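Text of the file start_2.tsv, holding TSV, C-alpha atoms and all ligand atoms:
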chain	number	residue	atom	x	y	z
A	914	MET	CA	24.03	0.13	4.44
A	915	GLY	CA	22.15	-3.17	4.12
A	916	ARG	CA	23.71	-4.95	7.09
A	917	MET	CA	23.54	-1.79	9.16
A	918	LYS	CA	19.74	-1.83	8.99
A	919	ARG	CA	18.17	-3.53	12.00
A	920	PRO	CA	14.71	-3.54	13.57
A	921	ALA	CA	14.42	-0.52	15.84
A	922	GLU	CA	13.07	-0.40	19.37
A	923	PHE	CA	10.70	2.19	20.89
A	924	TRP	CA	7.99	2.73	18.29
A	925	LYS	CA	4.35	1.92	17.63
A	926	PRO	CA	2.12	1.80	14.56
A	927	GLU	CA	-0.07	4.88	14.25
A	928	GLY	CA	-2.54	5.57	11.47
A	929	GLU	CA	-0.78	5.16	8.13
A	930	GLY	CA	2.69	5.40	9.65
A	931	VAL	CA	4.77	4.58	12.69
A	932	ARG	CA	5.41	6.77	15.71
A	933	CYS	CA	9.04	6.71	16.88
A	934	LEU	CA	9.15	6.89	20.67
A	935	LEU	CA	12.92	7.00	21.11
A	936	CYS	CA	13.39	10.73	21.57
A	937	PRO	CA	10.99	13.52	22.51
A	938	ARG	CA	10.54	14.57	18.89
A	939	LEU	CA	8.16	11.59	18.62
A	940	CYS	CA	8.29	11.64	14.81
A	941	LEU	CA	5.27	10.24	12.98
A	942	ILE	CA	6.97	8.58	10.02
A	943	PRO	CA	5.05	7.70	6.84
A	944	GLU	CA	5.81	4.56	4.84
A	945	GLY	CA	9.19	4.73	3.10
A	946	LYS	CA	10.32	7.86	4.99
A	947	THR	CA	12.82	8.56	7.72
A	948	GLY	CA	12.39	10.56	10.92
A	949	PHE	CA	13.96	13.94	11.66
A	950	CYS	CA	17.32	12.33	12.51
A	951	ARG	CA	17.29	10.44	9.16
A	952	ALA	CA	18.62	7.39	10.96
A	953	ARG	CA	15.28	5.62	11.47
A	954	LYS	CA	13.03	4.52	8.63
A	955	ASN	CA	9.52	3.17	8.22
A	956	GLU	CA	9.62	0.19	5.88
A	957	GLY	CA	6.50	-1.85	5.46
A	958	GLY	CA	4.94	-0.42	8.60
A	959	ARG	CA	7.93	-1.31	10.79
A	960	LEU	CA	10.64	0.98	12.12
A	961	TYR	CA	14.30	0.25	11.37
A	962	THR	CA	17.54	1.85	12.46
A	963	LEU	CA	19.76	2.47	9.44
A	964	ILE	CA	22.98	2.94	11.43
A	965	TYR	CA	23.35	-0.20	13.53
A	966	GLY	CA	27.11	-0.84	13.67
A	967	ALA	CA	27.77	1.97	11.18
A	968	VAL	CA	30.93	3.40	12.70
A	969	THR	CA	32.56	6.58	11.43
A	970	ALA	CA	35.22	6.82	14.14
A	971	ALA	CA	36.70	4.28	16.57
A	972	ASN	CA	39.74	5.52	18.44
A	973	PRO	CA	41.17	5.92	21.93
A	974	ASP	CA	40.81	9.33	23.60
A	975	PRO	CA	41.71	10.57	27.05
A	976	ILE	CA	38.56	10.50	29.20
A	977	GLU	CA	39.29	14.18	29.96
A	978	LYS	CA	38.41	14.98	26.33
A	979	LYS	CA	34.74	13.97	26.70
A	980	PRO	CA	34.98	15.98	29.05
A	981	LEU	CA	34.75	13.86	32.19
A	982	HIS	CA	37.07	15.07	34.95
A	983	HIS	CA	35.71	13.04	37.86
A	984	PHE	CA	35.50	9.60	36.24
A	985	TRP	CA	38.44	7.21	35.93
A	986	PRO	CA	40.87	10.11	35.55
A	987	GLY	CA	43.82	9.56	33.24
A	988	SER	CA	42.20	6.56	31.54
A	989	LEU	CA	41.78	6.03	27.81
A	990	VAL	CA	38.30	5.57	26.42
A	991	PHE	CA	37.48	3.95	23.08
A	992	SER	CA	35.39	6.56	21.29
A	993	LEU	CA	32.77	5.41	18.82
A	994	SER	CA	30.62	7.52	16.52
A	995	SER	CA	28.14	7.14	13.69
A	996	VAL	CA	26.16	9.79	11.77
A	997	GLY	CA	23.10	11.91	12.47
A	998	CYS	CA	21.46	13.88	15.25
A	999	ASN	CA	18.02	14.76	16.54
A	1000	PHE	CA	19.12	18.43	16.84
A	1001	LYS	CA	20.18	20.85	14.11
A	1002	CYS	CA	22.39	23.39	15.88
A	1003	ASP	CA	24.04	26.00	13.63
A	1004	PHE	CA	27.09	25.95	15.92
A	1005	CYS	CA	27.63	22.17	15.91
A	1006	GLN	CA	31.31	21.30	16.25
A	1007	ASN	CA	30.82	17.89	14.67
A	1008	TRP	CA	28.40	18.88	11.93
A	1009	GLU	CA	30.21	16.82	9.27
A	1010	LEU	CA	28.99	13.73	11.13
A	1011	SER	CA	25.91	14.97	12.91
A	1012	GLN	CA	24.18	16.74	10.04
A	1013	CYS	CA	24.51	14.13	7.32
A	1014	ARG	CA	22.35	11.17	6.47
A	1015	PRO	CA	23.41	7.49	6.57
A	1016	GLY	CA	25.58	6.68	3.55
A	1017	GLU	CA	26.80	10.26	3.01
A	1018	VAL	CA	30.08	9.67	4.85
A	1019	TYR	CA	32.07	6.48	4.98
A	1020	ALA	CA	31.08	4.19	7.83
A	1021	ARG	CA	32.55	0.77	8.41
A	1022	GLU	CA	30.58	-2.03	9.96
A	1023	LEU	CA	31.83	-2.81	13.47
A	1024	PRO	CA	29.90	-5.52	15.33
A	1025	PRO	CA	29.61	-4.94	19.10
A	1026	GLU	CA	32.09	-7.72	20.00
A	1027	GLU	CA	34.69	-6.15	17.70
A	1028	ALA	CA	34.12	-2.72	19.23
A	1029	VAL	CA	34.86	-4.21	22.64
A	1030	GLU	CA	37.93	-6.01	21.26
A	1031	GLY	CA	39.11	-2.70	19.80
A	1032	ALA	CA	38.80	-1.07	23.20
A	1033	LYS	CA	40.82	-3.81	24.89
A	1034	GLU	CA	43.50	-3.94	22.21
A	1035	THR	CA	44.10	-0.20	22.47
A	1036	GLY	CA	44.45	-0.25	26.26
A	1037	CYS	CA	41.17	1.54	26.91
A	1038	SER	CA	39.29	1.26	30.20
A	1039	GLY	CA	35.92	1.92	28.64
A	1040	ILE	CA	33.80	2.88	25.66
A	1041	ALA	CA	32.26	6.26	24.86
A	1042	PHE	CA	29.53	7.00	22.35
A	1043	THR	CA	30.40	10.46	21.17
A	1044	TYR	CA	30.97	12.97	18.31
A	1045	ASN	CA	27.51	12.51	16.76
A	1046	GLU	CA	24.41	12.12	18.94
A	1047	PRO	CA	24.35	8.62	20.47
A	1048	SER	CA	20.65	8.77	21.48
A	1049	ILE	CA	19.59	8.11	17.90
A	1050	TRP	CA	22.11	5.21	17.73
A	1051	TRP	CA	20.42	3.59	20.68
A	1052	GLU	CA	20.21	-0.06	19.51
A	1053	TYR	CA	23.94	-0.25	18.80
A	1054	CYS	CA	24.92	1.64	21.96
A	1055	TYR	CA	22.81	-0.79	23.96
A	1056	GLU	CA	24.42	-3.91	22.46
A	1057	VAL	CA	27.96	-2.55	22.71
A	1058	SER	CA	27.36	-1.52	26.31
A	1059	ARG	CA	26.12	-5.02	27.17
A	1060	GLU	CA	29.23	-6.53	25.61
A	1061	ALA	CA	31.46	-3.99	27.34
A	1062	LYS	CA	30.13	-4.96	30.75
A	1063	LYS	CA	31.12	-8.61	30.16
A	1064	GLU	CA	34.70	-7.37	29.84
A	1065	ASP	CA	34.54	-5.00	32.80
A	1066	LEU	CA	34.79	-1.89	30.65
A	1067	TYR	CA	32.97	1.29	31.65
A	1068	THR	CA	30.49	2.95	29.29
A	1069	VAL	CA	29.86	6.64	28.65
A	1070	MET	CA	27.34	8.66	26.63
A	1071	VAL	CA	28.31	12.13	25.44
A	1072	THR	CA	24.89	13.41	24.59
A	1073	ASN	CA	22.44	16.26	24.17
A	1074	GLY	CA	20.19	14.42	26.62
A	1075	TYR	CA	17.23	14.47	24.23
A	1076	LEU	CA	16.17	10.89	24.88
A	1077	ASN	CA	12.98	9.54	26.41
A	1078	LEU	CA	13.11	7.96	29.86
A	1079	PRO	CA	12.15	4.39	28.79
A	1080	ALA	CA	15.25	4.33	26.57
A	1081	TRP	CA	17.41	5.56	29.47
A	1082	GLU	CA	15.79	2.95	31.73
A	1083	LYS	CA	16.55	0.05	29.42
A	1084	LEU	CA	20.14	1.19	28.94
A	1085	SER	CA	20.60	1.81	32.63
A	1086	PRO	CA	22.12	-1.54	33.74
A	1087	TYR	CA	24.92	-1.11	31.20
A	1088	LEU	CA	25.59	2.62	31.48
A	1089	ASP	CA	28.07	4.18	33.90
A	1090	ALA	CA	28.41	7.83	33.02
A	1091	ALA	CA	27.28	10.69	30.81
A	1092	ASN	CA	28.35	14.13	29.87
A	1093	VAL	CA	25.19	16.02	28.91
A	1094	ASP	CA	25.20	19.27	26.97
A	1095	VAL	CA	22.83	21.75	28.50
A	1096	LYS	CA	23.01	24.20	25.64
A	1097	ALA	CA	21.20	27.08	27.36
A	1098	PHE	CA	18.64	27.60	30.07
A	1099	THR	CA	15.78	28.99	27.95
A	1100	ASP	CA	13.23	27.39	25.66
A	1101	ARG	CA	13.82	30.32	23.28
A	1102	PHE	CA	17.35	29.06	22.63
A	1103	TYR	CA	16.22	25.45	22.22
A	1104	ARG	CA	13.53	26.54	19.73
A	1105	ARG	CA	15.99	28.62	17.74
A	1106	PHE	CA	19.02	26.29	17.54
A	1107	PRO	CA	18.30	22.62	18.23
A	1108	GLY	CA	14.81	23.28	16.84
A	1109	VAL	CA	12.78	21.67	19.63
A	1110	PRO	CA	10.00	23.24	21.73
A	1111	SER	CA	11.59	22.99	25.15
A	1112	LEU	CA	14.71	22.17	27.13
A	1113	LYS	CA	12.62	20.31	29.72
A	1114	PRO	CA	13.36	16.79	28.37
A	1115	VAL	CA	17.10	17.54	28.59
A	1116	LEU	CA	16.77	18.58	32.22
A	1117	GLU	CA	14.67	15.50	32.91
A	1118	SER	CA	17.38	13.27	31.44
A	1119	CYS	CA	20.00	14.88	33.67
A	1120	GLU	CA	17.77	14.53	36.73
A	1121	TRP	CA	17.13	10.88	35.88
A	1122	LEU	CA	20.86	10.20	35.50
A	1123	ALA	CA	21.60	11.84	38.85
A	1124	ARG	CA	18.73	10.01	40.56
A	1125	ARG	CA	19.89	6.67	39.21
A	1126	GLY	CA	23.40	7.24	40.52
A	1127	LYS	CA	25.05	7.50	37.11
A	1128	HIS	CA	28.15	9.63	37.03
A	1129	LEU	CA	27.12	12.92	35.43
A	1130	GLU	CA	28.97	15.99	34.24
A	1131	ILE	CA	27.38	18.92	32.43
A	1132	THR	CA	28.79	20.98	29.57
A	1133	TYR	CA	27.45	24.47	28.83
A	1134	LEU	CA	28.81	26.14	25.67
A	1135	LEU	CA	28.73	29.90	26.21
A	1136	ILE	CA	27.69	31.70	23.01
A	1137	PRO	CA	27.95	35.51	23.15
A	1138	GLY	CA	24.53	37.15	23.20
A	1139	GLU	CA	22.64	33.86	23.03
A	1140	ASN	CA	22.95	32.05	26.35
A	1141	ASP	CA	25.45	34.07	28.40
A	1142	ASP	CA	23.08	36.32	30.30
A	1143	PRO	CA	24.21	36.29	33.95
A	1144	GLY	CA	20.64	35.71	35.16
A	1145	GLU	CA	20.29	32.69	32.88
A	1146	ILE	CA	23.60	31.25	34.07
A	1147	ARG	CA	22.56	31.78	37.67
A	1148	GLU	CA	19.29	29.93	37.07
A	1149	PHE	CA	21.17	27.10	35.39
A	1150	CYS	CA	23.55	26.83	38.36
A	1151	ARG	CA	20.67	26.86	40.83
A	1152	TRP	CA	19.07	24.00	38.93
A	1153	VAL	CA	22.36	22.03	39.08
A	1154	ARG	CA	22.61	22.63	42.82
A	1155	GLU	CA	18.98	21.93	43.66
A	1156	LYS	CA	17.98	19.20	41.19
A	1157	LEU	CA	21.30	17.43	40.66
A	1158	SER	CA	23.91	18.11	43.31
A	1159	PRO	CA	26.40	20.89	44.11
A	1160	ASP	CA	29.25	18.49	43.39
A	1161	ILE	CA	28.16	17.64	39.84
A	1162	PRO	CA	31.01	19.03	37.70
A	1163	VAL	CA	30.08	21.84	35.31
A	1164	HIS	CA	32.18	22.64	32.24
A	1165	PHE	CA	31.70	26.10	30.72
A	1166	SER	CA	33.07	25.80	27.22
A	1167	ARG	CA	34.35	28.53	24.93
A	1168	PHE	CA	32.49	29.09	21.65
A	1169	PHE	CA	34.32	29.67	18.36
A	1170	PRO	CA	32.56	30.65	15.11
A	1171	HIS	CA	31.72	27.42	13.37
A	1172	TYR	CA	29.55	25.75	10.74
A	1173	ARG	CA	26.62	28.13	10.15
A	1174	LEU	CA	27.18	30.39	13.14
A	1175	GLN	CA	30.02	32.53	11.84
A	1176	ASP	CA	28.76	35.99	12.81
A	1177	LYS	CA	29.48	35.66	16.51
A	1178	PRO	CA	32.84	36.39	18.13
A	1179	PRO	CA	34.58	33.74	20.24
A	1180	THR	CA	33.41	33.83	23.84
A	1181	PRO	CA	35.43	36.51	25.67
A	1182	LEU	CA	37.56	35.06	28.44
A	1183	ALA	CA	35.92	37.52	30.81
A	1184	ALA	CA	32.52	35.93	30.09
A	1185	LEU	CA	33.89	32.50	30.99
A	1186	GLU	CA	35.41	33.86	34.20
A	1187	LYS	CA	32.11	35.55	34.99
A	1188	ALA	CA	30.20	32.30	34.52
A	1189	ARG	CA	32.67	30.53	36.78
A	1190	GLY	CA	32.21	33.25	39.39
A	1191	ILE	CA	28.41	32.94	39.28
A	1192	ALA	CA	28.67	29.16	39.62
A	1193	GLY	CA	30.91	29.62	42.65
A	1194	GLU	CA	28.44	32.07	44.21
A	1195	GLU	CA	25.67	29.53	43.67
A	1196	GLY	CA	27.62	26.82	45.45
A	1197	ILE	CA	28.71	24.71	42.46
A	1198	GLU	CA	31.81	22.96	43.73
A	1199	PHE	CA	33.64	21.85	40.59
A	1200	VAL	CA	33.64	24.32	37.70
A	1201	TYR	CA	35.91	23.98	34.66
A	1202	LEU	CA	36.57	26.21	31.67
A	1203	GLY	CA	36.97	24.29	28.41
A	1204	ASN	CA	38.35	25.18	24.95
A	1205	VAL	CA	40.71	27.73	26.52
A	1206	SER	CA	44.35	27.73	27.45
A	1207	LEU	CA	44.06	29.46	30.79
A	1208	ARG	CA	46.27	28.35	33.63
A	1209	GLY	CA	44.23	26.42	36.17
A	1210	ALA	CA	41.07	26.34	34.00
A	1211	GLU	CA	40.83	22.55	34.15
A	1212	ASP	CA	42.29	21.96	37.61
A	1213	THR	CA	40.32	20.43	40.47
A	1214	ARG	CA	40.55	22.16	43.83
A	1215	CYS	CA	39.10	21.03	47.11
A	1216	PRO	CA	35.81	22.92	47.66
A	1217	SER	CA	36.47	23.00	51.41
A	1218	CYS	CA	40.09	24.12	51.74
A	1219	GLY	CA	41.10	25.15	48.19
A	1220	GLU	CA	43.95	22.63	47.98
A	1221	LEU	CA	44.99	21.68	44.43
A	1222	LEU	CA	43.83	18.09	43.92
A	1223	VAL	CA	44.22	17.40	40.21
A	1224	ARG	CA	46.31	19.46	37.78
A	1225	ARG	CA	45.42	19.12	34.11
A	1226	GLU	CA	46.73	20.64	30.93
A	1227	GLY	CA	45.03	20.00	27.62
A	1228	PHE	CA	43.59	16.55	28.16
A	1229	THR	CA	46.46	15.34	30.31
A	1230	VAL	CA	46.47	14.81	34.07
A	1231	LEU	CA	49.80	16.24	35.24
A	1232	GLU	CA	49.34	15.73	38.97
A	1233	TYR	CA	46.88	13.65	40.96
A	1234	ARG	CA	46.84	14.28	44.69
A	1235	LEU	CA	43.67	12.57	45.89
A	1236	LYS	CA	44.15	9.72	48.30
A	1237	GLU	CA	41.34	7.18	48.66
A	1238	GLY	CA	39.02	9.77	47.14
A	1239	ARG	CA	39.86	12.41	49.74
A	1240	CYS	CA	41.65	15.72	49.90
A	1241	GLN	CA	44.91	14.98	51.67
A	1242	LYS	CA	44.97	18.36	53.39
A	1243	CYS	CA	41.50	18.56	54.96
A	1244	GLY	CA	40.24	15.00	54.43
A	1245	ARG	CA	37.11	16.02	52.57
A	1246	LYS	CA	35.55	13.29	50.40
A	1247	ILE	CA	35.60	14.31	46.74
A	1248	ARG	CA	33.21	13.06	44.05
A	1249	MET	CA	35.52	10.92	41.94
A	1250	VAL	CA	34.61	7.61	40.31
A	1251	GLY	CA	37.50	5.19	39.90
A	1252	GLU	CA	41.18	5.58	40.49
A	1253	PHE	CA	43.78	7.44	38.52
A	1254	ARG	CA	44.94	5.37	35.55
A	1255	LYS	CA	47.78	6.90	33.69
A	1256	GLY	CA	46.94	6.55	29.99
A	1257	GLY	CA	46.13	2.86	29.95
A	1258	ARG	CA	43.93	0.14	31.24
A	1259	TRP	CA	45.97	-1.45	33.97
B	1301	LIG	S1	15.00	9.25	17.21
B	1301	LIG	FE1	14.89	10.19	15.18
B	1301	LIG	S2	13.06	9.33	14.24
B	1301	LIG	FE2	12.94	8.89	16.43
B	1301	LIG	S3	11.71	10.58	17.28
B	1301	LIG	FE3	13.87	11.16	17.48
B	1301	LIG	S4	14.36	12.33	15.63
B	1301	LIG	FE4	12.43	11.24	15.25
Can the structure in the file be given as structure tokens, please?
Amino acid sequence: MGRMKRPAEFWKPEGEGVRCLLCPRLCLIPEGKTGFCRARKNEGGRLYTLIYGAVTAANPDPIEKKPLHHFWPGSLVFSLSSVGCNFKCDFCQNWELSQCRPGEVYARELPPEEAVEGAKETGCSGIAFTYNEPSIWWEYCYEVSREAKKEDLYTVMVTNGYLNLPAWEKLSPYLDAANVDVKAFTDRFYRRFPGVPSLKPVLESCEWLARRGKHLEITYLLIPGENDDPGEIREFCRWVREKLSPDIPVHFSRFFPHYRLQDKPPTPLAALEKARGIAGEEGIEFVYLGNVSLRGAEDTRCPSCGELLVRREGFTVLEYRLKEGRCQKCGRKIRMVGEFRKGGRW
């Protein structure tokens, strides 16, 4: 881990320890200890990241897998991950990476320039920080994103959104898009699962991303009996419409028993359909159902005339019928960043 330790940003000395200011947990870290995420350590009164360049996965994925359906469709994205998270969700799908400490799983050192080279060599159009929580990997994400921009690659964060605004601000010139997990629309859920007092910082991150013109899509994992109350979903959709935009894509994702949350059934398909119906009633224009094999679940239709615009299956774009970002039938402009790139960079 030695070379993966680097001075951290966003902290201040406080009393006998240091206060980490990166995420809203604001850990006060005593000498020799790490913060909640276990990726940042106080050594000699200074804060260090322990995971700079510590890469547990580096591979091309379809951008649709992030999921981003309105951003460089069909392109490949070089997906990088490390270890750790600032949440502790019992249903985490990537808990083998997110819930371990640095050194517990094999990580190779990948300097930012080599990460960018890897993206280019594999025909990727961009880089995504994904699988574990990238917020707590901020210093590396920042440097890789800066390098990526020199090579005209796009950059994406797949995140829980639990990051303070100064960190978003500094990353901003080098960040193009994010998929943010809004895990529920109640503080009760955020207290119980991620183990934080409130979902407000997550909403603030989304609102900041939308305000700053970053491409944003939202994922909401529907867990039976925990966050699938129709009233809660309606409130969530109203927030998307009023505070973000009606054309921000929303992905309702199907839950399967996982990690420590084994006593819940998979989300019934009817619950997913219901959530999609509520979103439609609330004026959300692009709603997708993820983790299901339902015909049409991932297709894009024109919100004005209903014309099929993009047909997807799995993570593959099968048909792409937008022309210059517009529905060819009614001419409506559709939120879509970039052009269709079929599985490669050029
Ligand atoms: S990034 Fe880690 S150490 Fe810093 S406040 Fe968040 S959980 Fe604590």
Quiz prompt | Given 9 Å and all atoms listed in the file, residues near ligand LIG 1301 (chain B) as a PyMOL selection string | solution = chain A and resi 923-924+932-942+947-954+960+962+997-1000+1048-1051+1075-1076
Practice problem: Tell me which of A:Ser988, A:Ser1111, A:Gln1241, A:Ser1038 sits closest to Asp1065 in chain A, counting only C-alpha atoms. | Solution: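 Of A:Ser988, A:Ser1111, A:Gln1241, A:Ser1038, the one nearest Asp1065 in chain A, counting only C-alpha atoms, is A:Ser1038.
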Please build the interface table for range 960-1038 of chain A against range 1133-1144 of chain A with a cut-off of 12 Å, listing for each qualifying residue the nearest atom pair and the distance in Å to one decimal; count all atoms listed in the file, order rows by chain and increasing number, and write it as JSON lines.
{"residue": "A:Pro980", "atom": "CA", "partner": "A:Tyr1133", "partner_atom": "CA", "distance": 11.4}
{"residue": "A:Asp1003", "atom": "CA", "partner": "A:Ile1136", "partner_atom": "CA", "distance": 11.6}
{"residue": "A:Phe1004", "atom": "CA", "partner": "A:Ile1136", "partner_atom": "CA", "distance": 9.1}
{"residue": "A:Cys1005", "atom": "CA", "partner": "A:Leu1134", "partner_atom": "CA", "distance": 10.6}
{"residue": "A:Gln1006", "atom": "CA", "partner": "A:Leu1134", "partner_atom": "CA", "distance": 10.9}
Self-check item: Point (20.5, 23.4, 15.7), cut-off 6 Å, counting only C-alpha atoms, residues as a ChimeraX atom specification
Solution: /A:1000-1003,1106-1108
Residues at most 12 Å from Gly1196 in chain A, counting only C-alpha atoms, excluding those fewer than 2 positions away in the same chain, as a PDB file with C-alpha atoms, in the coordinates of the input?
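Result went into selection-v5.pdb, see below:
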ATOM      1  CA  ARG A1147      22.560  31.780  37.670  1.00  0.00           C
ATOM      2  CA  PHE A1149      21.170  27.100  35.390  1.00  0.00           C
ATOM      3  CA  CYS A1150      23.550  26.830  38.360  1.00  0.00           C
ATOM      4  CA  ARG A1151      20.670  26.860  40.830  1.00  0.00           C
ATOM      5  CA  TRP A1152      19.070  24.000  38.930  1.00  0.00           C
ATOM      6  CA  VAL A1153      22.360  22.030  39.080  1.00  0.00           C
ATOM      7  CA  ARG A1154      22.610  22.630  42.820  1.00  0.00           C
ATOM      8  CA  GLU A1155      18.980  21.930  43.660  1.00  0.00           C
ATOM      9  CA  SER A1158      23.910  18.110  43.310  1.00  0.00           C
ATOM     10  CA  PRO A1159      26.400  20.890  44.110  1.00  0.00           C
ATOM     11  CA  ASP A1160      29.250  18.490  43.390  1.00  0.00           C
ATOM     12  CA  ILE A1161      28.160  17.640  39.840  1.00  0.00           C
ATOM     13  CA  PRO A1162      31.010  19.030  37.700  1.00  0.00           C
ATOM     14  CA  VAL A1163      30.080  21.840  35.310  1.00  0.00           C
ATOM     15  CA  ARG A1189      32.670  30.530  36.780  1.00  0.00           C
ATOM     16  CA  GLY A1190      32.210  33.250  39.390  1.00  0.00           C
ATOM     17  CA  ILE A1191      28.410  32.940  39.280  1.00  0.00           C
ATOM     18  CA  ALA A1192      28.670  29.160  39.620  1.00  0.00           C
ATOM     19  CA  GLY A1193      30.910  29.620  42.650  1.00  0.00           C
ATOM     20  CA  GLU A1194      28.440  32.070  44.210  1.00  0.00           C
ATOM     21  CA  GLU A1198      31.810  22.960  43.730  1.00  0.00           C
ATOM     22  CA  PHE A1199      33.640  21.850  40.590  1.00  0.00           C
ATOM     23  CA  VAL A1200      33.640  24.320  37.700  1.00  0.00           C
ATOM     24  CA  PRO A1216      35.810  22.920  47.660  1.00  0.00           C
ATOM     25  CA  SER A1217      36.470  23.000  51.410  1.00  0.00           C
TER      26      SER A1217
END
Exercise. Record the distance separating CA of Arg1225 in chain A and CA of Arg1254 in chain A, expressed in Å with one decimal.
Key: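 CA of Arg1254 in chain A lies 13.8 Å from CA of Arg1225 in chain A.
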Quiz prompt | Exercise: Lys1236 in chain A partners within 10 Å, only C-alpha atoms, chain neighbours under 5 positions left out, as a ChimeraX atom specification | solution = /A:1222,1241,1244,1246-1247,1252
For the residues in the current selection, export C-alpha atoms as a PDB file, in the coordinates of the input.
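Contents of the output file again13.pdb:
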ATOM      1  CA  LEU A1222      43.830  18.090  43.920  1.00  0.00           C
ATOM      2  CA  GLN A1241      44.910  14.980  51.670  1.00  0.00           C
ATOM      3  CA  GLY A1244      40.240  15.000  54.430  1.00  0.00           C
ATOM      4  CA  LYS A1246      35.550  13.290  50.400  1.00  0.00           C
ATOM      5  CA  ILE A1247      35.600  14.310  46.740  1.00  0.00           C
ATOM      6  CA  GLU A1252      41.180   5.580  40.490  1.00  0.00           C
TER       7      GLU A1252
END
Exercise. Using all atoms listed in the file, find all polymer residues with an atom at most 12 Å away from the point (30.1, -7.0, 11.4); report them as a list in words.
Key: Met914, Gly915, Arg916, Met917, Lys918, Tyr965, Gly966, Ala967, Val968, Ala1020, Arg1021, Glu1022, Leu1023, Pro1024, Pro1025, Glu1026, Glu1027, Ala1028 and Tyr1053 of chain A
I need the chosen residues saved as a PDB file, keeping the file's coordinate frame, with C-alpha atoms.
ATOM      1  CA  MET A 914      24.030   0.130   4.440  1.00  0.00           C
ATOM      2  CA  GLY A 915      22.150  -3.170   4.120  1.00  0.00           C
ATOM      3  CA  ARG A 916      23.710  -4.950   7.090  1.00  0.00           C
ATOM      4  CA  MET A 917      23.540  -1.790   9.160  1.00  0.00           C
ATOM      5  CA  LYS A 918      19.740  -1.830   8.990  1.00  0.00           C
ATOM      6  CA  TYR A 965      23.350  -0.200  13.530  1.00  0.00           C
ATOM      7  CA  GLY A 966      27.110  -0.840  13.670  1.00  0.00           C
ATOM      8  CA  ALA A 967      27.770   1.970  11.180  1.00  0.00           C
ATOM      9  CA  VAL A 968      30.930   3.400  12.700  1.00  0.00           C
ATOM     10  CA  ALA A1020      31.080   4.190   7.830  1.00  0.00           C
ATOM     11  CA  ARG A1021      32.550   0.770   8.410  1.00  0.00           C
ATOM     12  CA  GLU A1022      30.580  -2.030   9.960  1.00  0.00           C
ATOM     13  CA  LEU A1023      31.830  -2.810  13.470  1.00  0.00           C
ATOM     14  CA  PRO A1024      29.900  -5.520  15.330  1.00  0.00           C
ATOM     15  CA  PRO A1025      29.610  -4.940  19.100  1.00  0.00           C
ATOM     16  CA  GLU A1026      32.090  -7.720  20.000  1.00  0.00           C
ATOM     17  CA  GLU A1027      34.690  -6.150  17.700  1.00  0.00           C
ATOM     18  CA  ALA A1028      34.120  -2.720  19.230  1.00  0.00           C
ATOM     19  CA  TYR A1053      23.940  -0.250  18.800  1.00  0.00           C
TER      20      TYR A1053
END
Quiz item: What's the 9 Å shell around Ser1118 in chain A, counting only C-alpha atoms, without same-chain residues fewer than 6 positions away, as a ChimeraX atom specification?
Solution: /A:1074-1078,1081,1093
Self-check item: Among the residues A:Gly1203, A:Gly928, A:Gly1238, A:Pro1015, the one that comes closest to Glu1226 in chain A [using only C-alpha atoms]
Solution: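 Checking each candidate against Glu1226 in chain A, we get A:Gly1203 as the closest.
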Quiz item: How far is it from CA of Pro986 in chain A to CA of Thr1229 in chain A, in Å with one decimal?
Solution: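 Atom-to-atom, CA of Pro986 in chain A to CA of Thr1229 in chain A, that is 9.3 Å.
Of the listed residues A:Leu1235, A:Glu977, A:Phe1169, A:Thr1035, the one whose atoms come nearest to Glu1211 in chain A is A:Glu977, with distances taken using all atoms listed in the file.
Ranking A:Glu1082, A:Glu944, A:Glu1060, A:Glu929 by their shortest atom-to-atom distance to Gly957 in chain A, with only C-alpha atoms included, puts A:Glu944 first.
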Quiz item: Residues at most 9 Å from Cys1243 in chain A, counting all atoms listed in the file, excluding those fewer than 2 positions away in the same chain, as a PyMOL selection string?
Solution: chain A and resi 1215+1217-1218+1220+1239-1241+1245
Exercise. Find the residue from A:Phe1165, A:Glu1030, A:Ser1206, A:Ser1058 that sits nearest to Asp1094 in chain A; use all atoms listed in the file when measuring.
Key: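 Looking only at the distances to Asp1094 in chain A, the closest residue turns out to be A:Phe1165.
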